[in-house]
Amino acid sequence: MKRRTQWLLSTVFLLIGFMVAVQFQTTSHETEMRDTRDVWEVREDLKTQQEHQQDLLEKIAGADQTIENYEKQTSREQVETLKDSIEYLEKKIGLQKKKGAGVELTIRPIFEEGVAGQEYPSVSPHLLSRLLNELNTYGAEDISIGNERLTNLSPVRDVNGSTYVNNRPIGSLPLTIRVLAEDPEKLQDRMKASPTQDIFNIDNMEIVFEVKEQLVLPKYDDPLHLEILEEAGG
């Protein structure tokens with residue numbers, strides 16, 4: 001029982017650390033999203049960064065409270081507490097399916113009438129990263145691209161001219177992106193007013209937004225490469 005408890009404790013602490021790390025990475029990365037911003041945009045982004053920092057502090061406080069509660073419990077209660085914590089953290093970082101209200105984005109090609117030989121457009125890693133950054137800035141809580149669940153450590157990169165997410169190609173257009181948010185209407189309005197839509201138009205693509213009462217996001221299937229878990233459980 002003692003060894004099992006140690007393994008569970010190691011797991012929950014690693015998951016807490018993972019959440020704090022990706023939250024910090026997101027906060028740091030989003031400040032680089034745009035180079036030219038007016039005063040209103042700067043104020044909005046500052047407010048968003050402050051909210052992220054507050055969220056980070058709350059996560060740390062929650063972790064401290066979990067540890068304090070754990071130390072006061074019996075061995076059996078400790079195991080149950082850690083199991084509950086692991087399940088909660090798995091949901092937070094995308095290791096389980098998640099349902100909720102949100103916005104569904106469809107990226108589709110635009111073709112000019114009467115023009116022959118038009119090249120079929122595709123979403124570049126840079127353009128996709130810009131879109132994801134704005135979604136996170138404007139209130140996205142969880143995101144999936146096609147069948148790929150995103151975490152803040154999901155790679156978005158170019159592989160031989162194709163855009164890959166989680167080490168798999170996103171495929172050709174149309175592309176569906178599902179976003180869970182606390183206020184889907186607000187997220188949709190802010191994204192519609194974003195200059196990113198115009199940039200997609202320049203590349204012969206458009207983004208169609210639709211608020212949904214119920215969206216289902218798949219779980220993140222790739223390994224997290226936390227080798228220490230194997231050592232603790234071995």
# chains A, B, ... in the order shown; residues from 1 in each chain; ligands from 1
$ residues_around --residues "Val103 of chain A" --least-positions-apart "6" --cutoff "12 Å" --atoms "only C-alpha atoms" --output "NGL selection string"
:A and (135 or 138-144 or 176-192 or 207-217)
$ closest_residue --among "A:Ser172, A:Asn167, A:Asn160, A:Asn152" --to "Gly94 of chain A" --atoms "only C-alpha atoms"
A:Asn152
$ atom_distance --atom1 "atom CA of Glu206 of chain A" --atom2 "atom CA of Arg108 of chain A"
5.6 Å
$ atom_distance --atom1 "atom CA of Lys98 of chain A" --atom2 "atom CA of Lys83 of chain A"
18.6 Å
$ select_by_dssp --residues "segment 41-190 of chain A" --states "strand (DSSP E or B)" --output "MDAnalysis selection string"
chainID A and resid 98:109 140:145 148:149 156:159 162:165 168:169 175:181
$ select_by_dssp --residues "segment 108-165 of chain A" --states "helix (DSSP H, G or I)" --output "list of chain:residue names"
A:Pro125, A:His126, A:Leu127, A:Leu128, A:Ser129, A:Arg130, A:Leu131, A:Leu132, A:Asn133, A:Glu134, A:Leu135, A:Asn136, A:Thr137
$ closest_residue --among "A:Gln197, A:Asn136, A:Thr106, A:Ser162" --to "Leu150 of chain A" --atoms "only C-alpha atoms"
A:Asn136
$ residues_around --residues "Leu95 of chain A" --least-positions-apart "4" --cutoff "9 Å" --atoms "only C-alpha atoms" --output "list in words"
Leu89, Glu90, Lys91, Arg149, Pro218, Lys219, Tyr220 and Asp221 of chain A
$ closest_residue --among "A:Asp55, A:Glu68, A:Asp158, A:Asp222" --to "Leu128 of chain A" --atoms "only C-alpha atoms"
A:Asp158
$ atom_distance --atom1 "atom CA of Pro174 of chain A" --atom2 "atom CA of Ile199 of chain A"
16.8 Å
$ residues_around --residues "Pro109 of chain A" --least-positions-apart "6" --cutoff "9 Å" --atoms "only C-alpha atoms" --output "MDAnalysis selection string"
chainID A and resid 120:122 173:174 201 203:206
$ write_last_selection --atoms "N, CA, C and O atoms" --output "PDB file, in the first residue's frame"
ATOM      1  N   TYR A 120      -5.063  25.124 -54.724  1.00  0.00           N
ATOM      2  CA  TYR A 120      -5.875  24.793 -53.564  1.00  0.00           C
ATOM      3  C   TYR A 120      -5.147  25.263 -52.308  1.00  0.00           C
ATOM      4  O   TYR A 120      -4.008  24.868 -52.056  1.00  0.00           O
ATOM      5  N   PRO A 121      -5.784  26.130 -51.507  1.00  0.00           N
ATOM      6  CA  PRO A 121      -5.086  26.700 -50.342  1.00  0.00           C
ATOM      7  C   PRO A 121      -4.906  25.695 -49.209  1.00  0.00           C
ATOM      8  O   PRO A 121      -5.625  24.694 -49.118  1.00  0.00           O
ATOM      9  N   SER A 122      -3.955  25.979 -48.327  1.00  0.00           N
ATOM     10  CA  SER A 122      -3.728  25.154 -47.142  1.00  0.00           C
ATOM     11  C   SER A 122      -3.309  26.061 -45.990  1.00  0.00           C
ATOM     12  O   SER A 122      -2.808  27.170 -46.206  1.00  0.00           O
ATOM     13  N   LEU A 173      -8.300  21.131 -46.560  1.00  0.00           N
ATOM     14  CA  LEU A 173      -9.510  21.871 -46.201  1.00  0.00           C
ATOM     15  C   LEU A 173     -10.736  21.171 -46.767  1.00  0.00           C
ATOM     16  O   LEU A 173     -10.647  20.479 -47.786  1.00  0.00           O
ATOM     17  N   PRO A 174     -11.903  21.331 -46.139  1.00  0.00           N
ATOM     18  CA  PRO A 174     -12.184  22.160 -44.953  1.00  0.00           C
ATOM     19  C   PRO A 174     -11.630  21.530 -43.675  1.00  0.00           C
ATOM     20  O   PRO A 174     -11.550  20.307 -43.555  1.00  0.00           O
ATOM     21  N   ASN A 201      -8.233  35.406 -45.513  1.00  0.00           N
ATOM     22  CA  ASN A 201      -8.827  35.791 -46.799  1.00  0.00           C
ATOM     23  C   ASN A 201      -7.759  36.051 -47.852  1.00  0.00           C
ATOM     24  O   ASN A 201      -7.925  35.686 -49.025  1.00  0.00           O
ATOM     25  N   ASP A 203      -5.008  34.605 -48.133  1.00  0.00           N
ATOM     26  CA  ASP A 203      -4.521  33.296 -48.578  1.00  0.00           C
ATOM     27  C   ASP A 203      -5.630  32.428 -49.157  1.00  0.00           C
ATOM     28  O   ASP A 203      -5.522  31.201 -49.217  1.00  0.00           O
ATOM     29  N   ASN A 204      -6.743  33.086 -49.579  1.00  0.00           N
ATOM     30  CA  ASN A 204      -7.866  32.392 -50.226  1.00  0.00           C
ATOM     31  C   ASN A 204      -8.551  31.377 -49.315  1.00  0.00           C
ATOM     32  O   ASN A 204      -8.919  30.279 -49.736  1.00  0.00           O
ATOM     33  N   MET A 205      -8.713  31.770 -48.061  1.00  0.00           N
ATOM     34  CA  MET A 205      -9.452  30.949 -47.106  1.00  0.00           C
ATOM     35  C   MET A 205     -10.377  31.832 -46.288  1.00  0.00           C
ATOM     36  O   MET A 205     -10.141  33.030 -46.162  1.00  0.00           O
ATOM     37  N   GLU A 206     -11.417  31.236 -45.744  1.00  0.00           N
ATOM     38  CA  GLU A 206     -12.314  31.956 -44.850  1.00  0.00           C
ATOM     39  C   GLU A 206     -12.617  31.096 -43.627  1.00  0.00           C
ATOM     40  O   GLU A 206     -12.528  29.867 -43.680  1.00  0.00           O
TER      41      GLU A 206
END
$ closest_residue --among "A:Val123, A:Leu175, A:Ile86, A:Ile60" --to "Leu105 of chain A" --atoms "only C-alpha atoms"
A:Leu175
